[in-house]
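Structure record follows, encoded as structure tokens.
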Amino acid sequence: MNQNFEPKIIAFLCNWCSYAALDLAGTSRMKYPPNFLVVRVMCSGRVDPQFVLEAFRRGADGVLVAGCHPGDCHYIEGNIKTLRRMTLLKRMLEEFGIEKERFRLEWISAAEADKFVKVANEMFEQIKALGPLKLKEVNTHE
Amino acid sequence: MKEVVINPITRLEGHGKIVIILDDAGNCVKAYLQVPELRGFEIFAIGRHAEDMPQITSRICGVCPTAHHMASTKALDDLYKVEPPEPAKKIREMFYNIFMLEDHALHFYILAGPDFIVGPKAPKEERNVVGVIKKVGTEVGLRIIQTRKKLRKLLETIGGKTIHPVLGLPGGISKPLSQEVVETARKVSEEAVQFAEFTYKVFKDVVLANKEYVDLITSEAYTHRTYYMGLVDEKNRVNFYDGKLRVVSPRGIEHAKFDVHQYLDYIAEHVEPWTYIKFPYLKKIGWKGLIDGEDSGVMSVAPLARLNAADGMATPRAQEAYEEMYQILGGKPVHHTLANHWARVIEIIYAAERFRELAHDPDIESKEVRNLPTATPEEGIGVVEAPRGTLIHHYQTDQNGVIKKANLLVATQHNAARIALSVDKAARNLVKAGQIEQGILNMVEMAFRSYDPCHACGTHSLPGGLSVKFYLYDTNGQLLRVVDSEELI
Amino acid sequence: MNKPKIALYWCASCGGCEEAQVDLAEKILDLVNLVDIVFWPVAMDYKLEDVEKLPDGSITASLINGGIRLSEHEYVVKLLRKKSKLVVAYGACSAWGGVPGLANLYSREEILKYVYHEAPTVENPQKIQPQLKIKAEEGATLELPEVFPRLLPLDLVVDVDYYIPGCPPTPDVTWKAIETLLSGNLPAKGSVLGALDKSLCYDCPLNETKPEKVLIKDIKRPHEVIADPSKCLLTQGLMCLGPVTRGGCGALCIKAAMPCTGCFGPLNEVMDYGGKAASYFASIIDYSDEEEIKKVLGKILDPMGIFYRYSLPASRLRGKITVMRR
Ligand code: SF4
Ligand code: SF4
Ligand code: SF4
Ligand code: FES
């Protein structure tokens with residue numbers, strides 16, 4: 001394992017819950033790895049599987065999508081759609097050869113700063129152990 | 001040791017290359033036909049839903065997609081152990097015969113026609129479809145184009161798409177025929193039979209009436225004594241859609257007759273390090289190298305092989321033509337590669353007659369065209385006669401019908417050894433004392449064309465003439481000079 | 001007046017795209033009146049050297065089909081790029097990789113191993129495998145071209161101006177595209193020619209039976225049901241890709257009661273057809289419970305082959321990342 005490897009992880013966070021949880025974690029001075037690049041979305045339902053694929057394409061070593069708990073979505077069903085989409089996407093990512101630890105869908109409410117921190121730490125450790133995603137090596141023509 | 005490479009730089013780009021090796025006296029000692037093509041369909045079939053295979057495998061060849069589609073569909077019937085209803089089988093066979101007719105017609109008039117109708121020695125500028133039309137007349141030319149167009153339109157109406165059809169499903173076809181389609185099919189089938197008879201007349205008038213052509217057909221340069229394989233019905237007559245595989249020896253004696261499920265007992269493939277194509281051979285005889293004769297496992301497929309492997313044709317006019325050919329060429333089997341053209345015309349007649357027979361069968365009006373599968377899938381094998389010969393698809397799946405393993409034996413491949421033999425023989429006859437004789441290009445080309453190999457059928461569409469280059473090398477592999485095919489013709 | 005020059009070329013093609021061009025039938029004669037075809041290996045005798053001799057930029061448009069799999073393909077398309085004002089990807093293989101692009105799920109080595117050693121018919125005790133360079137018994141060296149590790153769509157190798165969709169494009173679409181190319185009134189670079197800007201559903205005779213918002217409780221594979229040919233196939237649970245596929249083919253498959261498999265590719269602004277298609281299908285599954293959702297989606301055992309049937313090499317990830325570390 002490359003000790004110097006600093007994974008790049010993209011986090012798509014719902015404005016109303018998971019993003020708030022991240023905020024709370026910050027203000028409460030909880031410790032989580034600085035490797036997360038946060039993209040704030042109005043609802044997890046806004047996250048198209050294409051965004052996840054694009055994130056990996058552009059060099060992400062992991063992607064996290066987080067939204068409100070089922071039943072709590074501000075747009076009623078947004079997170080349910082996300083659940084359906086990401087369920088299928090997960091299987092496709094594995095077929096692309098992307099290890100399942102590199103992609104996570106989580107429900108994190110505004111109050112669950114501790115859950116956010118736990119998820120972030122776990123992802124960081126797992127991806128660090130996996131090493132970088134070597135897309136460029138296979139795609140010789142790019 | 002010198003080396004000549006015929007690299008068909010435009011026409012066969014990425015699809016074929018001929019290397020000729022000369023001894024110190026400059027005589028050809030060996031010629032290699034290399035097929036630089038590898039796409040891996042068998043590998044990426046793994047993981048696919050089995051029912052998608054008829055549409056996936058048709059992309060192996062856009063010239064004969066229907067053959068792959070049908071072999072694959074039949075493998076699915078077998079995989080799911082489901083018999084299609086009688087009407088579905090008849091519609092499939094009719095569909096298939098329309099395709100065979102249309103494809104053979106394309107080959108006869110447009111690909112090989114220039115050699116025979118216009119003449120092998122005609123100027124290059126005339127050896128193309130325009131030359132064919134000039135020779136047979138504009139009216140006839142238009143008739144060829146229009147008949148083909150009607151047949152292809154009918155394929156689209158029945159199969160969804162002409163190129164890469166979609167009708168095949170395990171246990172039948174996707175949709176019954178409307179009354180309107182049935183009427184059209186009946187009408188078109190009458191025209192098809194007339195067209196076939198007319199084609200036979202063209203062949204007789206232009207080719208058979210000309211002694212020079214007949215001599216060419218029977219010349220030793222184009223003769224190989226190999227085994228022949230093809231599908232036959234219960235009376236040992238040619239059938240494109242179904243039956244048993246029959247193999248006859250160079251002496252015309254039945255070597256084997258087997259159900260396609262036993263193909264692994266009879267056919268094996270040999271690998272050579274200098275080409276991507278594999279060489280199927282008769283397993284019971286074994287691979288003895290690229291040689292012909294009774295003791296060599298080399299076999300051939302395609303129209304002439306089919307006729308050789310059978311005892312006759314199942315329709316009257318085709319049967320007459322069949323008898324006529326063997327009578328003129330001196331009995332069975334016929335070993336002259338160029339007689340493939342003749343055999344193809346006989347098959348055009350059969351396909352048209354069979355099409356008419358099935359189009360008039362009241363069964364094709366039935367709405368019962370699917371039986372739903374109930375069995376758990378495991379393994380399935382399907383076979384058809386593609387225009388270019390026997391085609392076998394073999395799949396193994398998990399219990400959900402996802403492909404675990406696939407094996408495909410493609411028509412052109414069965415002929416690979418015999419084509420290699422033809423090329424070698426032509427080169428040995430025609431490359432002497434360092435001189436590349438003019439005739440060689442045309443010889444090689446004509447030998448090639450008569451088999452209508454898939455990678456070449458797509459490459460010779462309109463004007464004749466392989467555009468090739470010879471690279472002359474000295475012993476150390478130094479390039480001495482490049483001879484353009486233009487300089488030789 | 002000088003007629004515009006057109007070149008037609010094929011790379012790793014099945015030949016279906018050529019057949020489709022030949023299916024223009026009488027229109028070919030119109031075409032010949034309108035343009036000079038300077039290169040068309042499948043049908044005409046002009047050679048690569050003739051193209052090499054042409055001044056740069058002198059070909060009005062080159063229509064190229066088939067994906068890029070061999071170094072030779074790369075050479076020719078780069079040459080055509082130099083000689084042409086416009087380069088057009090013709091057909092699914094050229095535009096996005098096509099069906100042969102599914103090979104990108106496997107490595108070249110896996111393909112070689114199976115084809116030459118493991119296929120059930122192969123008898124190869126000496127473990128022979130085709131070599132890029134080998135000395136023949138008679139002394140000469142025989143060479144085979146190298147197969148690229150991956151199949152590539154045209155626009156990953158050269159700059160592409162326009163796309164003509166379909167596997168193969170229909171004669172109708174082909175003709176419309178040619179008319180546009182010759183009109184002098186060119187659309188924006190990167191546009192798709194000859195087809196619609198709307199989804200296949202708009203072009204589909206069954207569209208009126210399709211509700212505003214489709215929701216399905218179950219997914220059916222084509223061999224499991226006898227489809228009602230007069231009702232939207234999607235509402236019958238069949239995975240019809242019509243809603244996410246560009247229209248223009250005339251709904252050929254649907255007319256044969258088979259679901260669209262997406263050969264006309266993505267609509268404008270879609271960056272990953274398979275991602276988009278998967279997203280659409282997952283979102284119409286009419287369940288909210290994770291287990292139920294998993295169960296229904298579990299009927300799709302081959303999402304890659306279904307959603308990326310024609311476009312894996314053009315997907316964001318191009319194919320399988322083979323360098324798995326475990
Ligand atoms: S797009 Fe389809 S028809 Fe054209 S070459 Fe590719 S597989 Fe063949
Ligand atoms: S989903 Fe398919 S069948 Fe339904 S309207 Fe769209 S294209 Fe037609
Ligand atoms: S229906 Fe779909 S798959 Fe069939 S031809 Fe049209 S776009 Fe292609
Ligand atoms: S608003 Fe948070 S997931 Fe929809």
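Identifiers in the structure tokens: chain A, B, ... in order shown; residue index from 1 per chain; ligand index from 1 in order shown.
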message = Using only C-alpha atoms, which protein or nucleic acid residues come within 8 Å of Leu37 of chain A? Drop anything in the same chain fewer than 2 positions from it, and give the result as a VMD selection string.
response = chain A and resid 8 to 11 35 39
Do you know which residues are within 10 Å of ligand 4 using only C-alpha atoms and all ligand atoms? Can you write them as a short mmCIF file (atom, residue, chain, number, x, y, z; two decimals) with N, CA and C atoms, in the first residue's frame?
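What landed in pocket.cif:
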```cif
data_model
loop_
_atom_site.label_atom_id
_atom_site.label_comp_id
_atom_site.auth_asym_id
_atom_site.auth_seq_id
_atom_site.Cartn_x
_atom_site.Cartn_y
_atom_site.Cartn_z
N LEU A 13 -23.92 15.86 -1.16
CA LEU A 13 -24.69 15.92 0.07
C LEU A 13 -25.96 16.76 -0.10
N CYS A 14 -27.05 16.21 0.43
CA CYS A 14 -28.31 16.92 0.38
C CYS A 14 -28.25 18.12 1.33
N ASN A 15 -28.68 19.25 0.82
CA ASN A 15 -28.63 20.50 1.54
C ASN A 15 -29.33 20.44 2.90
N TRP A 16 -30.47 19.72 2.93
CA TRP A 16 -31.34 19.78 4.11
C TRP A 16 -30.91 18.86 5.25
N CYS A 17 -30.10 17.87 4.95
CA CYS A 17 -29.79 16.93 6.02
C CYS A 17 -28.29 16.66 6.09
N SER A 18 -27.77 15.91 5.15
CA SER A 18 -26.38 15.47 5.24
C SER A 18 -25.40 16.63 5.22
N TYR A 19 -25.73 17.66 4.42
CA TYR A 19 -24.83 18.81 4.40
C TYR A 19 -24.85 19.50 5.75
N VAL A 41 -26.15 19.55 -2.96
CA VAL A 41 -27.29 19.45 -3.88
C VAL A 41 -28.57 19.73 -3.09
N MET A 42 -29.60 20.18 -3.77
CA MET A 42 -30.82 20.53 -3.06
C MET A 42 -31.56 19.29 -2.56
N CYS A 43 -31.27 18.14 -3.16
CA CYS A 43 -31.92 16.90 -2.75
C CYS A 43 -31.09 15.77 -3.33
N SER A 44 -30.99 14.68 -2.62
CA SER A 44 -30.19 13.57 -3.17
C SER A 44 -30.79 13.10 -4.49
N GLY A 45 -32.08 13.38 -4.69
CA GLY A 45 -32.74 13.00 -5.93
C GLY A 45 -32.16 13.72 -7.14
N ARG A 46 -31.39 14.76 -6.86
CA ARG A 46 -30.77 15.52 -7.95
C ARG A 46 -29.53 14.79 -8.49
N VAL A 47 -29.06 13.80 -7.76
CA VAL A 47 -27.81 13.15 -8.17
C VAL A 47 -28.09 12.07 -9.21
N VAL A 65 -22.79 9.46 -1.73
CA VAL A 65 -24.05 10.19 -1.94
C VAL A 65 -24.82 10.07 -0.64
N ALA A 66 -25.24 11.19 -0.08
CA ALA A 66 -25.98 11.12 1.18
C ALA A 66 -27.21 12.02 1.15
N GLY A 67 -28.30 11.53 1.71
CA GLY A 67 -29.56 12.29 1.71
C GLY A 67 -30.34 12.04 2.98
N CYS A 68 -31.54 12.60 3.00
CA CYS A 68 -32.40 12.46 4.17
C CYS A 68 -32.88 11.02 4.30
N HIS A 69 -33.25 10.66 5.53
CA HIS A 69 -33.78 9.31 5.73
C HIS A 69 -35.08 9.14 4.96
N PRO A 70 -35.37 7.92 4.50
CA PRO A 70 -36.62 7.69 3.78
C PRO A 70 -37.80 8.24 4.58
N GLY A 71 -38.68 8.95 3.91
CA GLY A 71 -39.82 9.55 4.58
C GLY A 71 -39.56 11.00 4.95
N ASP A 72 -38.26 11.41 5.02
CA ASP A 72 -37.94 12.77 5.44
C ASP A 72 -37.56 13.70 4.30
N CYS A 73 -37.58 13.20 3.09
CA CYS A 73 -37.11 14.03 1.97
C CYS A 73 -38.03 15.24 1.78
N HIS A 74 -37.45 16.41 1.62
CA HIS A 74 -38.23 17.64 1.44
C HIS A 74 -39.00 17.65 0.13
N TYR A 75 -38.62 16.81 -0.75
CA TYR A 75 -39.32 16.74 -2.04
C TYR A 75 -40.08 15.42 -2.14
N ILE A 76 -40.46 14.92 -0.98
CA ILE A 76 -41.26 13.72 -0.80
C ILE A 76 -40.57 12.42 -1.20
N GLU A 77 -40.28 12.27 -2.51
CA GLU A 77 -39.80 10.97 -2.99
C GLU A 77 -38.39 11.01 -3.54
N GLY A 78 -37.74 12.18 -3.48
CA GLY A 78 -36.44 12.34 -4.11
C GLY A 78 -35.45 11.26 -3.69
N ASN A 79 -35.41 11.01 -2.39
CA ASN A 79 -34.42 10.04 -1.93
C ASN A 79 -34.80 8.60 -2.29
N ILE A 80 -36.10 8.35 -2.50
CA ILE A 80 -36.52 7.01 -2.91
C ILE A 80 -36.05 6.75 -4.35
N LYS A 81 -36.18 7.79 -5.17
CA LYS A 81 -35.66 7.66 -6.54
C LYS A 81 -34.16 7.40 -6.49
N THR A 82 -33.49 8.12 -5.62
CA THR A 82 -32.05 7.92 -5.49
C THR A 82 -31.75 6.48 -5.08
N LEU A 83 -32.54 5.99 -4.15
CA LEU A 83 -32.33 4.61 -3.69
C LEU A 83 -32.46 3.64 -4.88
N TRP A 107 -28.06 7.45 4.40
CA TRP A 107 -29.07 8.40 4.88
C TRP A 107 -28.53 9.02 6.15
N ILE A 108 -28.32 10.34 6.14
CA ILE A 108 -27.74 11.04 7.30
C ILE A 108 -28.57 12.30 7.58
N SER A 109 -29.22 12.32 8.71
CA SER A 109 -30.06 13.49 9.02
C SER A 109 -29.19 14.63 9.54
N ALA A 110 -29.81 15.82 9.66
CA ALA A 110 -29.08 17.01 10.06
C ALA A 110 -28.44 16.84 11.44
#
```
Check which residues fall inside 8 Å of ligand 2 when counting only C-alpha atoms and all ligand atoms, and print them as an mmCIF file with C-alpha atoms, in the first residue's frame.
```
data_model
loop_
_atom_site.group_PDB
_atom_site.id
_atom_site.type_symbol
_atom_site.label_atom_id
_atom_site.label_comp_id
_atom_site.auth_asym_id
_atom_site.auth_seq_id
_atom_site.Cartn_x
_atom_site.Cartn_y
_atom_site.Cartn_z
ATOM 1 C CA SER C 199 -36.870 10.313 -28.073
ATOM 2 C CA LEU C 200 -37.997 7.236 -29.950
ATOM 3 C CA CYS C 201 -41.304 7.321 -28.054
ATOM 4 C CA TYR C 202 -42.321 10.383 -30.087
ATOM 5 C CA ASP C 203 -41.808 8.374 -33.212
ATOM 6 C CA CYS C 204 -43.435 5.213 -31.911
ATOM 7 C CA PRO C 205 -46.899 4.093 -33.022
ATOM 8 C CA LEU C 206 -47.547 2.765 -29.504
ATOM 9 C CA ASN C 207 -46.859 6.082 -27.801
ATOM 10 C CA GLU C 208 -50.542 6.892 -27.412
ATOM 11 C CA THR C 209 -50.951 3.826 -25.219
ATOM 12 C CA LYS C 210 -48.145 4.973 -22.956
ATOM 13 C CA LYS C 231 -49.616 -1.694 -26.306
ATOM 14 C CA CYS C 232 -46.533 0.238 -25.202
ATOM 15 C CA LEU C 233 -43.969 -2.473 -24.465
ATOM 16 C CA LEU C 234 -42.579 -0.656 -21.461
ATOM 17 C CA THR C 235 -45.930 -0.695 -19.697
ATOM 18 C CA CYS C 240 -37.902 -0.823 -23.969
ATOM 19 C CA LEU C 241 -35.169 1.800 -24.205
ATOM 20 C CA GLY C 242 -37.360 4.065 -26.352
ATOM 21 C CA PRO C 243 -37.706 6.813 -23.714
ATOM 22 C CA ALA C 251 -39.534 2.366 -34.480
ATOM 23 C CA ILE C 254 -41.255 -1.975 -31.877
ATOM 24 C CA PRO C 259 -38.309 -3.653 -27.311
ATOM 25 C CA CYS C 260 -35.878 -0.994 -28.488
#
```
note = If you count only C-alpha atoms, the residue of B:Glu269, B:Asp77, B:Glu385, B:Glu357 closest to chain C turns out to be B:Glu269
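Between chain B and the candidates A:Phe5, A:Ala111, A:Lys31, A:Glu95, the tightest atom-to-atom separation, counting only C-alpha atoms, involves A:Glu95.
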Residues of chain A within 10 Å of chain C, using only C-alpha atoms, as a CSV table (one decimal) with N, CA, C and O atoms, in the first residue's frame?
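Result file is result23.csv:
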```
chain,number,residue,atom,x,y,z
A,47,VAL,N,-29.1,13.8,-7.8
A,47,VAL,CA,-27.8,13.1,-8.2
A,47,VAL,C,-28.1,12.1,-9.2
A,47,VAL,O,-28.6,11.0,-8.9
A,48,ASP,N,-27.7,12.4,-10.4
A,48,ASP,CA,-27.9,11.5,-11.5
A,48,ASP,C,-26.7,10.5,-11.5
A,48,ASP,O,-25.6,10.9,-11.2
A,49,PRO,N,-27.0,9.2,-11.8
A,49,PRO,CA,-25.9,8.2,-11.8
A,49,PRO,C,-24.7,8.7,-12.7
A,49,PRO,O,-23.6,8.4,-12.5
A,50,GLN,N,-25.1,9.5,-13.7
A,50,GLN,CA,-24.1,10.0,-14.6
A,50,GLN,C,-23.1,10.9,-13.9
A,50,GLN,O,-21.9,10.9,-14.2
A,51,PHE,N,-23.6,11.6,-12.8
A,51,PHE,CA,-22.6,12.4,-12.1
A,51,PHE,C,-21.6,11.6,-11.4
A,51,PHE,O,-20.4,11.9,-11.3
A,52,VAL,N,-22.0,10.4,-10.9
A,52,VAL,CA,-21.1,9.5,-10.1
A,52,VAL,C,-20.1,9.0,-11.1
A,52,VAL,O,-18.9,9.0,-10.8
A,53,LEU,N,-20.6,8.6,-12.3
A,53,LEU,CA,-19.6,8.1,-13.3
A,53,LEU,C,-18.6,9.2,-13.7
A,53,LEU,O,-17.4,8.9,-13.8
A,54,GLU,N,-19.1,10.4,-13.8
A,54,GLU,CA,-18.3,11.5,-14.2
A,54,GLU,C,-17.2,11.8,-13.2
A,54,GLU,O,-16.1,12.1,-13.5
A,55,ALA,N,-17.6,11.6,-11.9
A,55,ALA,CA,-16.7,11.9,-10.8
A,55,ALA,C,-15.5,10.9,-10.9
A,55,ALA,O,-14.4,11.3,-10.8
A,56,PHE,N,-15.9,9.6,-11.1
A,56,PHE,CA,-14.8,8.6,-11.2
A,56,PHE,C,-13.9,8.9,-12.5
A,56,PHE,O,-12.7,8.8,-12.4
A,57,ARG,N,-14.6,9.3,-13.5
A,57,ARG,CA,-13.9,9.6,-14.8
A,57,ARG,C,-12.8,10.7,-14.5
A,57,ARG,O,-11.7,10.6,-15.0
A,58,ARG,N,-13.2,11.7,-13.7
A,58,ARG,CA,-12.3,12.8,-13.5
A,58,ARG,C,-11.4,12.6,-12.4
A,58,ARG,O,-10.7,13.5,-11.9
A,70,PRO,N,-35.4,7.9,4.5
A,70,PRO,CA,-36.6,7.7,3.8
A,70,PRO,C,-37.8,8.2,4.6
A,70,PRO,O,-37.9,8.0,5.8
A,71,GLY,N,-38.7,8.9,3.9
A,71,GLY,CA,-39.8,9.5,4.6
A,71,GLY,C,-39.6,11.0,5.0
A,71,GLY,O,-40.5,11.8,5.2
A,77,GLU,N,-40.3,12.3,-2.5
A,77,GLU,CA,-39.8,11.0,-3.0
A,77,GLU,C,-38.4,11.0,-3.5
A,77,GLU,O,-37.9,10.0,-4.1
A,78,GLY,N,-37.7,12.2,-3.5
A,78,GLY,CA,-36.4,12.3,-4.1
A,78,GLY,C,-35.5,11.3,-3.7
A,78,GLY,O,-34.8,10.6,-4.5
A,79,ASN,N,-35.4,11.0,-2.4
A,79,ASN,CA,-34.4,10.0,-1.9
A,79,ASN,C,-34.8,8.6,-2.3
A,79,ASN,O,-33.9,7.7,-2.4
A,80,ILE,N,-36.1,8.4,-2.5
A,80,ILE,CA,-36.5,7.0,-2.9
A,80,ILE,C,-36.0,6.8,-4.3
A,80,ILE,O,-35.5,5.7,-4.7
A,81,LYS,N,-36.2,7.8,-5.2
A,81,LYS,CA,-35.7,7.7,-6.5
A,81,LYS,C,-34.2,7.4,-6.5
A,81,LYS,O,-33.6,6.6,-7.2
A,82,THR,N,-33.5,8.1,-5.6
A,82,THR,CA,-32.0,7.9,-5.5
A,82,THR,C,-31.7,6.5,-5.1
A,82,THR,O,-30.8,5.9,-5.6
A,83,LEU,N,-32.5,6.0,-4.1
A,83,LEU,CA,-32.3,4.6,-3.7
A,83,LEU,C,-32.5,3.6,-4.9
A,83,LEU,O,-31.6,2.8,-5.1
A,84,ARG,N,-33.5,3.8,-5.7
A,84,ARG,CA,-33.7,2.9,-6.8
A,84,ARG,C,-32.5,3.0,-7.8
A,84,ARG,O,-32.0,2.0,-8.3
A,85,ARG,N,-32.1,4.3,-8.1
A,85,ARG,CA,-31.1,4.5,-9.1
A,85,ARG,C,-29.7,3.9,-8.6
A,85,ARG,O,-29.0,3.3,-9.3
A,86,MET,N,-29.4,4.3,-7.3
A,86,MET,CA,-28.1,3.9,-6.9
A,86,MET,C,-28.0,2.4,-6.6
A,86,MET,O,-26.9,1.8,-6.7
A,87,THR,N,-29.1,1.7,-6.4
A,87,THR,CA,-29.1,0.3,-6.2
A,87,THR,C,-28.6,-0.4,-7.5
A,87,THR,O,-27.8,-1.3,-7.5
A,88,LEU,N,-29.1,0.2,-8.6
A,88,LEU,CA,-28.7,-0.4,-9.9
A,88,LEU,C,-27.3,0.1,-10.3
A,88,LEU,O,-26.5,-0.7,-10.7
A,89,LEU,N,-27.0,1.3,-10.0
A,89,LEU,CA,-25.7,1.9,-10.3
A,89,LEU,C,-24.6,1.1,-9.6
A,89,LEU,O,-23.5,0.8,-10.2
A,91,ARG,N,-24.4,-2.0,-8.8
A,91,ARG,CA,-24.1,-3.2,-9.5
A,91,ARG,C,-23.3,-2.9,-10.7
A,91,ARG,O,-22.4,-3.7,-11.1
A,92,MET,N,-23.6,-1.8,-11.4
A,92,MET,CA,-22.9,-1.5,-12.6
A,92,MET,C,-21.5,-1.1,-12.3
A,92,MET,O,-20.5,-1.5,-13.1
A,93,LEU,N,-21.3,-0.4,-11.3
A,93,LEU,CA,-19.9,0.0,-10.9
A,93,LEU,C,-19.0,-1.2,-10.7
A,93,LEU,O,-17.9,-1.2,-11.1
A,94,GLU,N,-19.6,-2.2,-10.0
A,94,GLU,CA,-18.8,-3.4,-9.8
A,94,GLU,C,-18.4,-4.0,-11.1
A,94,GLU,O,-17.3,-4.5,-11.2
A,95,GLU,N,-19.4,-4.0,-12.0
A,95,GLU,CA,-19.1,-4.6,-13.3
A,95,GLU,C,-18.0,-3.8,-14.1
A,95,GLU,O,-17.3,-4.3,-14.9
A,96,PHE,N,-17.9,-2.5,-13.8
A,96,PHE,CA,-16.9,-1.7,-14.4
A,96,PHE,C,-15.5,-2.0,-13.7
A,96,PHE,O,-14.5,-1.5,-14.1
A,97,GLY,N,-15.6,-2.8,-12.6
A,97,GLY,CA,-14.3,-3.1,-11.9
A,97,GLY,C,-14.0,-2.1,-10.8
A,97,GLY,O,-12.9,-2.1,-10.3
A,98,ILE,N,-15.0,-1.4,-10.4
A,98,ILE,CA,-14.8,-0.4,-9.3
A,98,ILE,C,-15.3,-1.1,-8.0
A,98,ILE,O,-16.4,-1.5,-7.9
A,99,GLU,N,-14.3,-1.3,-7.1
A,99,GLU,CA,-14.6,-2.0,-5.8
A,99,GLU,C,-15.8,-1.4,-5.1
A,99,GLU,O,-15.9,-0.1,-5.1
A,130,LEU,N,-7.3,0.4,-0.5
A,130,LEU,CA,-7.4,-0.1,-1.9
A,130,LEU,C,-6.4,0.6,-2.9
A,130,LEU,O,-6.0,0.0,-3.9
A,131,GLY,N,-6.1,1.8,-2.5
A,131,GLY,CA,-5.2,2.5,-3.4
A,131,GLY,C,-5.9,3.3,-4.5
A,131,GLY,O,-7.2,3.2,-4.6
A,132,PRO,N,-5.2,4.0,-5.3
A,132,PRO,CA,-5.9,4.9,-6.3
A,132,PRO,C,-6.6,4.1,-7.4
A,132,PRO,O,-6.2,2.9,-7.7
A,133,LEU,N,-7.6,4.7,-8.0
A,133,LEU,CA,-8.4,4.0,-9.1
A,133,LEU,C,-7.6,4.4,-10.4
A,133,LEU,O,-7.5,5.5,-10.7
A,134,LYS,N,-7.1,3.3,-11.0
A,134,LYS,CA,-6.2,3.6,-12.1
A,134,LYS,C,-6.9,3.6,-13.4
A,134,LYS,O,-6.6,2.7,-14.3
A,135,LEU,N,-7.8,4.5,-13.6
A,135,LEU,CA,-8.5,4.6,-14.9
A,135,LEU,C,-7.6,4.9,-16.1
A,135,LEU,O,-7.7,4.2,-17.1
A,136,LYS,N,-6.7,5.8,-15.9
A,136,LYS,CA,-5.9,6.3,-17.0
A,136,LYS,C,-5.0,5.1,-17.6
A,136,LYS,O,-4.8,5.0,-18.8
A,137,GLU,N,-4.6,4.2,-16.7
A,137,GLU,CA,-3.7,3.2,-17.2
A,137,GLU,C,-4.4,2.3,-18.2
A,137,GLU,O,-3.7,1.7,-19.1
A,138,VAL,N,-5.7,2.1,-18.0
A,138,VAL,CA,-6.4,1.2,-19.0
A,138,VAL,C,-6.7,1.9,-20.2
A,138,VAL,O,-6.7,1.4,-21.3
A,139,ASN,N,-7.1,3.2,-20.1
A,139,ASN,CA,-7.5,3.9,-21.2
A,139,ASN,C,-6.4,4.6,-21.9
A,139,ASN,O,-6.1,5.8,-21.8
A,140,THR,N,-5.6,3.8,-22.6
A,140,THR,CA,-4.3,4.3,-23.1
A,140,THR,C,-4.4,5.4,-24.1
A,140,THR,O,-3.5,6.2,-24.3
A,141,HIS,N,-5.6,5.6,-24.7
A,141,HIS,CA,-5.7,6.7,-25.7
A,141,HIS,C,-6.1,8.0,-25.1
A,141,HIS,O,-6.5,8.9,-25.9
A,142,GLU,N,-6.1,8.2,-23.8
A,142,GLU,CA,-6.5,9.5,-23.3
A,142,GLU,C,-5.4,10.1,-22.4
A,142,GLU,O,-4.5,9.5,-22.0
```
Could you pull out the residues sitting within 6 Å of ligand 3, using only C-alpha atoms and all ligand atoms, and write them as a PDB file with C-alpha atoms, in the first residue's frame?
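In the end it all went to selection.pdb:
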```pdb
ATOM      1  CA  GLY C 166     -27.970   3.615 -35.741  1.00  0.00           C
ATOM      2  CA  CYS C 249     -35.411   4.799 -37.062  1.00  0.00           C
ATOM      3  CA  ALA C 251     -39.534   2.366 -34.480  1.00  0.00           C
ATOM      4  CA  LEU C 252     -38.413  -0.671 -36.438  1.00  0.00           C
ATOM      5  CA  CYS C 253     -38.018  -3.080 -33.527  1.00  0.00           C
ATOM      6  CA  ILE C 254     -41.255  -1.975 -31.877  1.00  0.00           C
ATOM      7  CA  CYS C 260     -35.878  -0.994 -28.488  1.00  0.00           C
ATOM      8  CA  THR C 261     -32.316  -1.862 -27.490  1.00  0.00           C
ATOM      9  CA  GLY C 262     -31.066   1.660 -28.044  1.00  0.00           C
ATOM     10  CA  CYS C 263     -29.119   1.533 -31.284  1.00  0.00           C
ATOM     11  CA  PHE C 264     -29.826   5.195 -32.088  1.00  0.00           C
TER      12      PHE C 264
END
```
key: Every residue of segment 9-214 of chain C that DSSP places in strand (DSSP E or B), as a ChimeraX atom specification   = /C:9-10,12,36-39,59-65,67-70,84-90,122,133-135,141-143,147-152,162-164,192,199
message = Could you list the protein, DNA and RNA residues that have any atom within 8 Å of ligand 1, counting only C-alpha atoms and all ligand atoms, and write them as a count of residues only?
response = 31
message = Could you pull out the alpha helix (DSSP H) residues of segment 186-323 of chain C, going by DSSP on the backbone, and write them as number ranges by chain?
response = C: 200-203, 252-255, 273-283, 290-297, 303-307
message = Just the number, please: distance in Å from atom CA of Ala25 of chain A to atom CA of Lys115 of chain A, one decimal.
response =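 Atom CA of Lys115 of chain A lies at a distance of 9.5 Å from atom CA of Ala25 of chain A.
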